[in-house]
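Colleague: Got work_8.cif for you, mmCIF, C-alpha atoms:
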```
data_structure
#
loop_
_atom_site.label_atom_id
_atom_site.label_comp_id
_atom_site.auth_asym_id
_atom_site.auth_seq_id
_atom_site.Cartn_x
_atom_site.Cartn_y
_atom_site.Cartn_z
CA MET W 936 55.89 -109.69 26.07
CA ALA W 937 56.85 -106.66 24.01
CA PRO W 938 54.97 -103.53 25.04
CA SER W 939 53.01 -101.61 22.48
CA PRO W 940 53.63 -97.90 22.00
CA PHE W 941 49.85 -97.61 22.12
CA ALA W 942 49.86 -97.80 25.92
CA ASP W 943 52.42 -95.00 26.07
CA LEU W 944 50.32 -92.86 23.76
CA TYR W 945 47.05 -93.57 25.54
CA ALA W 946 48.45 -92.57 28.94
CA GLU W 947 50.15 -89.51 27.47
CA VAL W 948 46.89 -88.35 25.86
CA GLN W 949 44.90 -88.78 29.07
CA ASN W 950 47.46 -86.83 31.07
CA PHE W 951 47.63 -84.18 28.33
CA TYR W 952 43.85 -83.72 28.37
CA ALA W 953 43.82 -83.48 32.16
CA ARG W 954 46.42 -80.73 32.20
CA GLN W 955 44.87 -78.95 29.22
CA MET W 956 41.36 -78.84 30.66
CA GLN W 957 42.49 -77.99 34.19
CA SER W 958 44.02 -74.91 32.53
CA MET W 959 40.73 -74.16 30.79
CA ASP W 960 38.74 -74.57 34.00
CA GLN W 961 41.11 -72.17 35.77
CA ARG W 962 40.45 -69.82 32.84
CA ASP W 963 44.10 -69.80 31.89
CA PHE W 964 43.34 -69.44 28.21
CA VAL W 965 46.95 -68.72 27.29
CA ALA W 966 48.01 -72.07 28.71
CA PHE W 967 45.07 -73.75 26.97
CA ALA W 968 45.93 -72.18 23.61
CA GLY W 969 49.53 -73.29 24.10
CA THR W 970 48.37 -76.91 23.87
CA PHE W 971 47.45 -76.26 20.23
CA THR W 972 49.83 -76.01 17.29
CA GLU W 973 50.56 -72.51 15.99
CA ASP W 974 47.98 -73.08 13.25
CA GLY W 975 45.64 -75.11 15.47
CA GLU W 976 41.89 -75.07 14.86
CA PHE W 977 39.27 -74.94 17.60
CA SER W 978 35.55 -75.06 16.97
CA HIS W 979 32.97 -75.46 19.73
CA THR W 980 29.92 -74.41 17.70
CA PRO W 981 28.96 -75.07 14.07
CA GLY W 982 29.99 -72.06 11.98
CA GLN W 983 32.53 -70.86 14.58
CA LEU W 984 36.21 -71.57 14.05
CA ALA W 985 39.23 -70.09 15.79
CA ARG W 986 42.53 -70.64 13.99
CA GLY W 987 45.84 -70.04 15.73
CA ARG W 988 46.59 -69.37 19.36
CA ALA W 989 45.69 -65.68 19.41
CA ASP W 990 42.29 -66.44 17.89
CA ILE W 991 41.67 -69.25 20.35
CA ILE W 992 42.44 -66.98 23.29
CA ALA W 993 40.18 -64.25 21.90
CA GLU W 994 37.35 -66.72 21.30
CA LEU W 995 37.57 -68.12 24.83
CA ARG W 996 37.65 -64.67 26.41
CA GLU W 997 34.56 -63.72 24.43
CA PHE W 998 32.80 -66.99 25.25
CA HIS W 999 33.45 -66.68 28.98
CA ARG W 1000 31.88 -63.22 29.18
CA ARG W 1001 28.59 -65.08 29.61
CA PHE W 1002 29.83 -66.03 33.08
CA ASP W 1003 30.57 -62.44 34.13
CA GLY W 1004 27.40 -62.21 36.21
CA ASP W 1005 27.10 -65.96 36.79
CA PRO W 1006 29.66 -67.24 39.31
CA VAL W 1007 30.29 -70.88 38.50
CA VAL W 1008 33.06 -73.44 38.86
CA ARG W 1009 33.20 -75.47 35.67
CA ARG W 1010 34.96 -78.82 35.33
CA HIS W 1011 35.38 -80.42 31.93
CA TRP W 1012 35.24 -84.20 31.91
CA PHE W 1013 36.43 -86.20 28.90
CA GLY W 1014 35.81 -89.93 28.64
CA MET W 1015 35.39 -92.96 26.39
CA THR W 1016 38.35 -91.87 24.30
CA CYS W 1017 39.04 -93.79 21.11
CA LEU W 1018 42.44 -93.19 19.49
CA GLU W 1019 43.16 -94.04 15.86
CA PRO W 1020 46.47 -93.46 14.06
CA LEU W 1021 46.43 -91.11 11.08
CA ASP W 1022 50.15 -91.44 10.39
CA GLY W 1023 53.20 -92.09 12.50
CA GLN W 1024 53.04 -88.66 14.15
CA SER W 1025 49.33 -87.88 14.38
CA TRP W 1026 46.17 -89.46 15.71
CA GLN W 1027 42.45 -88.87 15.72
CA ALA W 1028 40.80 -88.90 19.13
CA THR W 1029 37.02 -89.29 19.37
CA TYR W 1030 35.52 -88.93 22.82
CA TYR W 1031 32.62 -87.77 24.97
CA ALA W 1032 32.67 -84.60 27.07
CA TYR W 1033 30.54 -82.58 29.42
CA THR W 1034 31.02 -80.01 32.14
CA VAL W 1035 30.12 -80.34 35.82
CA ASN W 1036 28.95 -76.91 36.97
CA THR W 1037 28.84 -75.75 40.59
CA ARG W 1038 26.93 -72.57 41.39
CA PRO W 1039 26.42 -70.80 44.72
CA GLY W 1040 23.45 -72.03 46.67
CA ALA W 1041 22.60 -74.88 44.31
CA ALA W 1042 21.71 -78.16 45.99
CA ALA W 1043 23.84 -80.13 43.53
CA PRO W 1044 26.07 -79.54 40.54
CA THR W 1045 24.48 -79.57 37.10
CA ILE W 1046 25.77 -81.37 34.05
CA GLY W 1047 26.55 -79.10 31.13
CA PRO W 1048 25.99 -79.96 27.51
CA SER W 1049 26.95 -83.48 26.48
CA CYS W 1050 29.24 -83.37 23.46
CA LEU W 1051 31.04 -85.56 20.97
CA VAL W 1052 34.53 -84.23 20.32
CA THR W 1053 36.96 -85.02 17.51
CA ASP W 1054 40.59 -84.01 17.88
CA VAL W 1055 43.61 -84.38 15.67
CA LEU W 1056 46.66 -84.70 17.91
CA VAL W 1057 50.17 -84.35 16.56
CA ARG W 1058 53.59 -85.05 17.98
CA THR W 1059 55.88 -82.03 17.68
CA ALA W 1060 59.23 -80.96 19.02
CA ALA W 1061 57.24 -79.30 21.82
CA GLY W 1062 55.44 -82.55 22.66
CA LEU W 1063 51.91 -83.66 21.92
CA LEU W 1064 49.65 -80.83 20.70
CA ASN W 1065 46.15 -80.37 19.31
CA HIS W 1066 46.17 -79.70 15.61
CA SER W 1067 42.39 -79.38 15.72
CA ARG W 1068 39.38 -79.80 17.98
CA TYR W 1069 35.77 -79.96 16.85
CA VAL W 1070 33.16 -80.03 19.62
CA ARG W 1071 29.56 -80.87 18.74
CA GLN W 1072 26.79 -80.68 21.31
CA ASP W 1073 24.47 -83.66 21.32
CA ARG W 1074 21.39 -81.45 21.34
CA LEU W 1075 22.28 -80.35 17.81
CA LEU W 1076 21.87 -83.95 16.65
CA LEU W 1077 18.21 -83.72 17.69
CA GLU W 1078 17.58 -80.57 15.68
CA ARG W 1079 18.71 -81.89 12.32
CA MET D 957 62.61 -100.24 34.23
CA ALA D 958 60.86 -103.14 32.56
CA PRO D 959 57.37 -102.26 31.39
CA SER D 960 54.49 -104.35 32.57
CA PRO D 961 52.03 -105.80 30.06
CA PHE D 962 49.37 -104.44 32.40
CA ALA D 963 49.72 -100.94 30.95
CA ASP D 964 49.23 -102.34 27.46
CA LEU D 965 46.13 -104.20 28.55
CA TYR D 966 44.65 -101.28 30.47
CA ALA D 967 44.97 -98.91 27.51
CA GLU D 968 43.64 -101.54 25.11
CA VAL D 969 40.59 -102.14 27.30
CA GLN D 970 39.80 -98.44 27.60
CA ASN D 971 40.07 -97.95 23.84
CA PHE D 972 38.01 -101.11 23.25
CA TYR D 973 35.23 -99.87 25.56
CA ALA D 974 35.23 -96.46 23.86
CA ARG D 975 34.79 -97.96 20.41
CA GLN D 976 32.28 -100.54 21.62
CA MET D 977 30.02 -98.06 23.36
CA GLN D 978 30.28 -95.42 20.63
CA SER D 979 28.83 -98.18 18.40
CA MET D 980 26.04 -98.79 20.91
CA ASP D 981 25.25 -95.08 21.20
CA GLN D 982 25.04 -94.84 17.40
CA ARG D 983 22.65 -97.81 17.64
CA ASP D 984 24.94 -99.95 15.52
CA PHE D 985 23.97 -103.13 17.35
CA VAL D 986 25.70 -105.37 14.82
CA ALA D 987 29.04 -103.68 15.54
CA PHE D 988 28.32 -103.86 19.28
CA ALA D 989 27.50 -107.58 19.13
CA GLY D 990 30.70 -108.12 17.13
CA THR D 991 32.70 -107.09 20.19
CA PHE D 992 31.43 -110.23 21.95
CA THR D 993 32.62 -113.79 21.38
CA GLU D 994 30.35 -116.03 19.30
CA ASP D 995 28.97 -117.50 22.55
CA GLY D 996 29.13 -114.19 24.45
CA GLU D 997 26.66 -113.46 27.25
CA PHE D 998 25.02 -110.08 27.82
CA SER D 999 22.68 -109.34 30.69
CA HIS D 1000 21.47 -105.85 31.56
CA THR D 1001 18.60 -106.89 33.86
CA PRO D 1002 18.32 -109.71 36.42
CA GLY D 1003 16.58 -112.64 34.76
CA GLN D 1004 17.41 -111.46 31.23
CA LEU D 1005 20.30 -113.05 29.35
CA ALA D 1006 21.20 -112.84 25.67
CA ARG D 1007 23.64 -115.51 24.49
CA GLY D 1008 25.41 -115.21 21.14
CA ARG D 1009 25.57 -112.30 18.74
CA ALA D 1010 22.18 -112.81 17.10
CA ASP D 1011 20.49 -112.84 20.51
CA ILE D 1012 22.37 -109.74 21.63
CA ILE D 1013 21.27 -107.86 18.51
CA ALA D 1014 17.66 -108.95 19.00
CA GLU D 1015 17.70 -107.95 22.66
CA LEU D 1016 19.09 -104.50 21.90
CA ARG D 1017 16.58 -103.88 19.11
CA GLU D 1018 13.77 -104.84 21.47
CA PHE D 1019 15.17 -102.72 24.30
CA HIS D 1020 15.56 -99.62 22.13
CA ARG D 1021 11.91 -99.69 21.03
CA ARG D 1022 11.26 -97.72 24.23
CA PHE D 1023 12.93 -94.78 22.52
CA ASP D 1024 10.72 -94.90 19.41
CA GLY D 1025 8.63 -91.96 20.58
CA ASP D 1026 11.33 -90.46 22.79
CA PRO D 1027 14.08 -88.78 20.78
CA VAL D 1028 17.24 -88.90 22.88
CA VAL D 1029 20.99 -88.94 22.37
CA ARG D 1030 22.46 -91.42 24.83
CA ARG D 1031 26.13 -91.58 25.78
CA HIS D 1032 27.45 -94.44 27.86
CA TRP D 1033 30.24 -93.55 30.24
CA PHE D 1034 32.38 -96.22 31.89
CA GLY D 1035 34.81 -95.41 34.68
CA MET D 1036 36.73 -96.61 37.71
CA THR D 1037 37.70 -99.80 35.89
CA CYS D 1038 39.45 -102.49 37.92
CA LEU D 1039 41.10 -105.28 35.90
CA GLU D 1040 42.01 -108.63 37.42
CA PRO D 1041 43.60 -111.55 35.55
CA LEU D 1042 41.62 -114.78 35.38
CA ASP D 1043 44.23 -116.62 33.34
CA GLY D 1044 46.81 -115.63 30.75
CA GLN D 1045 44.18 -114.84 28.11
CA SER D 1046 41.20 -113.54 30.08
CA TRP D 1047 40.44 -110.86 32.64
CA GLN D 1048 37.60 -109.70 34.83
CA ALA D 1049 36.74 -106.02 34.57
CA THR D 1050 34.62 -104.40 37.29
CA TYR D 1051 33.56 -100.82 36.67
CA TYR D 1052 30.92 -98.13 37.06
CA ALA D 1053 28.64 -96.96 34.25
CA TYR D 1054 25.84 -94.56 33.50
CA THR D 1055 24.33 -92.83 30.50
CA VAL D 1056 24.20 -89.10 29.80
CA ASN D 1057 20.90 -88.44 28.05
CA THR D 1058 20.13 -85.37 25.94
CA ARG D 1059 16.51 -84.73 25.00
CA PRO D 1060 15.00 -81.91 22.89
CA GLY D 1061 14.15 -78.81 24.87
CA ALA D 1062 15.66 -80.02 28.13
CA ALA D 1063 17.68 -77.42 30.01
CA ALA D 1064 20.42 -79.95 30.77
CA PRO D 1065 21.24 -83.59 30.13
CA THR D 1066 20.06 -86.14 32.67
CA ILE D 1067 22.09 -88.95 34.12
CA GLY D 1068 20.72 -92.42 33.43
CA PRO D 1069 20.83 -95.32 35.85
CA SER D 1070 24.07 -95.78 37.71
CA CYS D 1071 25.31 -99.34 37.33
CA LEU D 1072 28.01 -101.74 38.47
CA VAL D 1073 29.20 -103.83 35.54
CA THR D 1074 31.22 -107.05 35.52
CA ASP D 1075 32.81 -108.21 32.27
CA VAL D 1076 34.91 -111.19 31.35
CA LEU D 1077 37.23 -110.14 28.53
CA VAL D 1078 39.17 -112.68 26.48
CA ARG D 1079 41.97 -112.40 23.98
CA THR D 1080 41.11 -114.15 20.73
CA ALA D 1081 42.55 -114.34 17.22
CA ALA D 1082 40.14 -111.48 16.43
CA GLY D 1083 41.49 -109.33 19.28
CA LEU D 1084 40.03 -108.53 22.66
CA LEU D 1085 36.35 -109.52 23.00
CA ASN D 1086 33.67 -109.67 25.69
CA HIS D 1087 32.99 -113.19 26.80
CA SER D 1088 30.31 -111.86 29.15
CA ARG D 1089 28.81 -108.67 30.54
CA TYR D 1090 26.56 -108.42 33.55
CA VAL D 1091 25.08 -104.96 34.23
CA ARG D 1092 23.38 -104.33 37.55
CA GLN D 1093 21.57 -101.07 38.29
CA ASP D 1094 22.36 -99.55 41.67
CA ARG D 1095 18.69 -98.99 42.41
CA LEU D 1096 18.24 -102.77 42.62
CA LEU D 1097 20.66 -102.83 45.54
CA LEU D 1098 18.18 -100.68 47.47
CA GLU D 1099 15.27 -103.03 46.87
CA ARG D 1100 16.85 -106.17 48.28
CA MET N 816 60.20 -97.91 20.47
CA ALA N 817 61.17 -97.99 24.12
CA PRO N 818 58.16 -97.78 26.39
CA SER N 819 58.00 -95.11 29.02
CA PRO N 820 57.43 -96.09 32.63
CA PHE N 821 54.81 -93.35 32.63
CA ALA N 822 52.29 -95.60 30.87
CA ASP N 823 52.85 -98.29 33.49
CA LEU N 824 52.34 -95.78 36.27
CA TYR N 825 49.25 -94.20 34.73
CA ALA N 826 47.50 -97.55 34.30
CA GLU N 827 48.52 -98.66 37.78
CA VAL N 828 47.13 -95.47 39.32
CA GLN N 829 43.81 -95.77 37.51
CA ASN N 830 43.42 -99.40 38.59
CA PHE N 831 44.47 -98.48 42.14
CA TYR N 832 41.86 -95.71 42.34
CA ALA N 833 39.16 -98.05 40.99
CA ARG N 834 39.85 -100.69 43.60
CA GLN N 835 40.28 -98.12 46.38
CA MET N 836 37.01 -96.33 45.71
CA GLN N 837 35.03 -99.50 45.07
CA SER N 838 36.08 -100.39 48.63
CA MET N 839 34.88 -96.99 49.86
CA ASP N 840 31.55 -97.31 48.07
CA GLN N 841 31.03 -100.75 49.64
CA ARG N 842 31.79 -99.01 52.95
CA ASP N 843 34.78 -101.25 53.56
CA PHE N 844 36.68 -98.52 55.37
CA VAL N 845 39.37 -100.90 56.59
CA ALA N 846 40.25 -101.80 53.00
CA PHE N 847 40.14 -98.10 52.06
CA ALA N 848 42.44 -97.10 54.92
CA GLY N 849 44.80 -99.90 53.89
CA THR N 850 45.47 -98.05 50.64
CA PHE N 851 47.15 -95.29 52.69
CA THR N 852 50.59 -95.41 54.24
CA GLU N 853 50.74 -95.98 58.01
CA ASP N 854 51.15 -92.22 58.49
CA GLY N 855 48.82 -91.32 55.59
CA GLU N 856 46.82 -88.09 55.68
CA PHE N 857 43.22 -87.76 54.53
CA SER N 858 41.30 -84.51 54.49
CA HIS N 859 37.90 -84.09 52.84
CA THR N 860 36.96 -80.77 54.47
CA PRO N 861 39.06 -77.71 55.33
CA GLY N 862 40.11 -77.94 58.95
CA GLN N 863 39.55 -81.70 59.14
CA LEU N 864 42.52 -84.04 58.90
CA ALA N 865 42.75 -87.75 59.69
CA ARG N 866 46.29 -89.06 60.12
CA GLY N 867 47.02 -92.78 60.11
CA ARG N 868 44.78 -95.70 59.23
CA ALA N 869 42.91 -95.89 62.55
CA ASP N 870 42.02 -92.20 62.31
CA ILE N 871 40.92 -92.55 58.70
CA ILE N 872 38.61 -95.44 59.59
CA ALA N 873 37.15 -93.49 62.53
CA GLU N 874 36.60 -90.39 60.37
CA LEU N 875 34.82 -92.37 57.65
CA ARG N 876 32.60 -94.17 60.16
CA GLU N 877 31.64 -90.83 61.67
CA PHE N 878 31.08 -89.23 58.25
CA HIS N 879 28.85 -92.05 57.04
CA ARG N 880 26.49 -91.76 60.02
CA ARG N 881 24.73 -89.09 57.98
CA PHE N 882 23.48 -91.90 55.75
CA ASP N 883 21.99 -93.93 58.61
CA GLY N 884 18.45 -92.82 57.79
CA ASP N 885 19.16 -92.09 54.13
CA PRO N 886 19.54 -95.26 52.07
CA VAL N 887 21.78 -94.43 49.12
CA VAL N 888 24.19 -96.17 46.78
CA ARG N 889 27.16 -93.88 46.25
CA ARG N 890 29.69 -94.25 43.45
CA HIS N 891 32.83 -92.16 43.42
CA TRP N 892 34.08 -91.17 39.99
CA PHE N 893 37.59 -89.81 39.47
CA GLY N 894 38.66 -88.31 36.15
CA MET N 895 40.98 -85.95 34.30
CA THR N 896 43.94 -87.20 36.32
CA CYS N 897 47.23 -85.36 35.93
CA LEU N 898 50.32 -87.11 37.32
CA GLU N 899 53.55 -85.28 38.10
CA PRO N 900 56.70 -86.86 39.53
CA LEU N 901 57.90 -85.60 42.90
CA ASP N 902 60.87 -87.95 43.08
CA GLY N 903 61.61 -91.41 41.77
CA GLN N 904 59.19 -93.07 44.20
CA SER N 905 56.38 -90.55 44.63
CA TRP N 906 54.00 -88.57 42.48
CA GLN N 907 51.39 -85.86 42.81
CA ALA N 908 48.02 -86.64 41.29
CA THR N 909 45.56 -83.81 40.64
CA TYR N 910 42.11 -84.82 39.46
CA TYR N 911 38.37 -84.16 39.47
CA ALA N 912 35.87 -86.20 41.48
CA TYR N 913 32.19 -86.45 42.24
CA THR N 914 29.74 -89.05 43.49
CA VAL N 915 26.77 -90.49 41.62
CA ASN N 916 24.04 -91.09 44.19
CA THR N 917 21.11 -93.45 43.74
CA ARG N 918 18.23 -93.21 46.20
CA PRO N 919 15.01 -95.24 46.41
CA GLY N 920 12.17 -93.87 44.32
CA ALA N 921 14.25 -91.16 42.67
CA ALA N 922 13.67 -90.73 38.95
CA ALA N 923 17.40 -90.41 38.28
CA PRO N 924 20.68 -90.44 40.18
CA THR N 925 22.00 -87.15 41.48
CA ILE N 926 25.55 -85.88 41.16
CA GLY N 927 27.27 -85.24 44.48
CA PRO N 928 29.65 -82.41 45.15
CA SER N 929 32.21 -81.73 42.45
CA CYS N 930 35.70 -81.68 43.91
CA LEU N 931 39.32 -81.05 43.06
CA VAL N 932 41.53 -83.64 44.71
CA THR N 933 45.29 -83.62 45.28
CA ASP N 934 47.03 -86.86 46.24
CA VAL N 935 50.61 -87.76 46.99
CA LEU N 936 51.15 -91.35 45.93
CA VAL N 937 54.21 -93.31 46.98
CA ARG N 938 55.67 -96.62 45.93
CA THR N 939 56.30 -98.88 48.93
CA ALA N 940 57.17 -102.52 49.52
CA ALA N 941 53.40 -103.06 49.76
CA GLY N 942 52.80 -101.44 46.37
CA LEU N 943 51.41 -98.04 45.49
CA LEU N 944 49.82 -96.22 48.44
CA ASN N 945 48.35 -92.81 49.26
CA HIS N 946 50.67 -90.75 51.39
CA SER N 947 48.05 -88.00 51.44
CA ARG N 948 44.72 -86.96 49.97
CA TYR N 949 43.24 -83.48 50.10
CA VAL N 950 39.68 -83.13 48.76
CA ARG N 951 38.27 -79.66 48.16
CA GLN N 952 34.67 -79.11 47.13
CA ASP N 953 34.19 -76.68 44.27
CA ARG N 954 31.43 -74.86 46.14
CA LEU N 955 34.04 -73.65 48.64
CA LEU N 956 35.80 -71.81 45.82
CA LEU N 957 32.68 -69.69 45.40
CA GLU N 958 32.53 -68.70 49.06
CA ARG N 959 35.99 -67.24 49.34
#
```
Could you spell out this file's structure in structure tokens?
Modeller:
Amino acid sequence: MAPSPFADLYAEVQNFYARQMQSMDQRDFVAFAGTFTEDGEFSHTPGQLARGRADIIAELREFHRRFDGDPVVRRHWFGMTCLEPLDGQSWQATYYAYTVNTRPGAAAPTIGPSCLVTDVLVRTAAGLLNHSRYVRQDRLLLER
Amino acid sequence: MAPSPFADLYAEVQNFYARQMQSMDQRDFVAFAGTFTEDGEFSHTPGQLARGRADIIAELREFHRRFDGDPVVRRHWFGMTCLEPLDGQSWQATYYAYTVNTRPGAAAPTIGPSCLVTDVLVRTAAGLLNHSRYVRQDRLLLER
Amino acid sequence: MAPSPFADLYAEVQNFYARQMQSMDQRDFVAFAGTFTEDGEFSHTPGQLARGRADIIAELREFHRRFDGDPVVRRHWFGMTCLEPLDGQSWQATYYAYTVNTRPGAAAPTIGPSCLVTDVLVRTAAGLLNHSRYVRQDRLLLER
């Protein structure tokens, strides 16, 4: 049986997301931004859009200030990933995401906002990269 | 190294589940039922069994009436999927599942019932389809 | 397009973890220990280390005594798995984990401790096995 390149891509994307988000959760925003193309777009809130690696780093540093007085270990989980080809070198990924948050003294971790995420991934000379990421919290669907 | 068709299958199943359950979570029950064979079986509660696409659609419409006065965004997560061949064209999948539920005004999402799910998947001319799905909530294991 | 052995490995590891942890959650510690090499190491707490299958079984039996008067269905979820080759026959896996715990009468499952896990996996004549597993709870990162 001839193998499909889809299996290669699917495994590569899962491993890519794991490495990318482990960087985020270690607050290595430079490494995270390096998983985007030079002109990559990152939006985690409607109306907010960071474009390019420097902007992404700045946005994440600003965002994480909310945790300055709130010690927490955050773990991003992605799942239920659906990949669709856009052309031979790029794909749309649609998946679910949330964070698992551990705080001192809490009896159990809490689940952070549940989100639907849409990425455009592109194959480049530097490997697979995010061309864009749009994160939309589920709670916003209830406020429409 | 010769590739195994297992990798192809595993990626295909994960992508299939993602698309299938994104349909469910959008309450597109017709699309969901279309991921089952014509004589497909779907049981989410002991003693309940929908057989065939029309029955599956009817069962899901009935089930979701409980959310008529309860606005909620539900996201089904599947994980820890174990695939075992039944014959050359069908496989048993055994995996864990729960829902992440977002409600207006709630501080955080809640986790829905944790379940053990057993599927029979079959390759058809129309692609991979569910021949059956049996969902069993973990809480029922405590009541035996 | 030539397939990469990485896709084969990634699917195999995911299926291996599913089967391994379904054994654990059924409290089949003999089956769980059998997924480790004869000299396999398993540590779930700093300062604790079980070495070899007999020790792993003994450690798990001791650990699970805490549930003697606490009926619970536990489900281990692994996700965001990053695989890195160590040599041609072994790999490091770094991933996130937690348990979903269902107890009688509870309105919803609870999430168990969030952990970062590091495995060394090795290919043997008996298939893929754990050479080691180190589990570290996120809450310990907050106490340093």
Colleague: Specify as a list in words all residues of chain D found within 7 Å of chain W, counting all atoms listed in the file.
Modeller: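 That gives the following set of residues: Pro959, Pro961, Ala963, Asp964, Ala967, Asn971, Tyr973, Ala974, Arg975, Val1029, Trp1033, Thr1058, Arg1059, Pro1060, Ala1064 and Pro1065 of chain D.
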Colleague: Distance atom CA of Ser999 of chain D-atom CA of Asp1011 of chain D, one decimal place?
Modeller: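 Those two atoms sit 11.0 Å apart.
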Colleague: What do you get, as a list of chain:residue names, if you spell out every residue that the PyMOL selection byres ((chain D and resi 1009) around 12) selects here?
Modeller: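 So the PyMOL selection byres ((chain D and resi 1009) around 12), applied here, picks out D:Phe985, D:Val986, D:Ala987, D:Phe988, D:Ala989, D:Gly990, D:Thr991, D:Phe992, D:Thr993, D:Glu994, D:Asp995, D:Gly996, D:Glu997, D:Phe998, D:Leu1005, D:Ala1006, D:Arg1007, D:Gly1008, D:Ala1010, D:Asp1011, D:Ile1012, D:Ile1013, D:Ala1014, D:Glu1015, D:Leu1016, D:Leu1085, D:Asn1086, D:His1087, D:Ser1088.
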Colleague: Please indicate the distance in Å from atom CA of Arg889 of chain N to atom CA of Val1035 of chain W, rounded to one decimal place.
Modeller: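 Computing the Euclidean distance for atom CA of Arg889 of chain N and atom CA of Val1035 of chain W yields 17.3 Å.
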Colleague: Can you translate the PyMOL selection byres ((chain N and resi 907) around 7) into the concrete residues it hits in this file, as an NGL selection string?
Modeller: :N and (898-901 or 906 or 908-909 or 933-936)
Colleague: Could you tell me how far atom CA of Phe882 of chain N lies from atom CA of Arg1092 of chain D, in Å and to one decimal?
Modeller: 22.0 Å
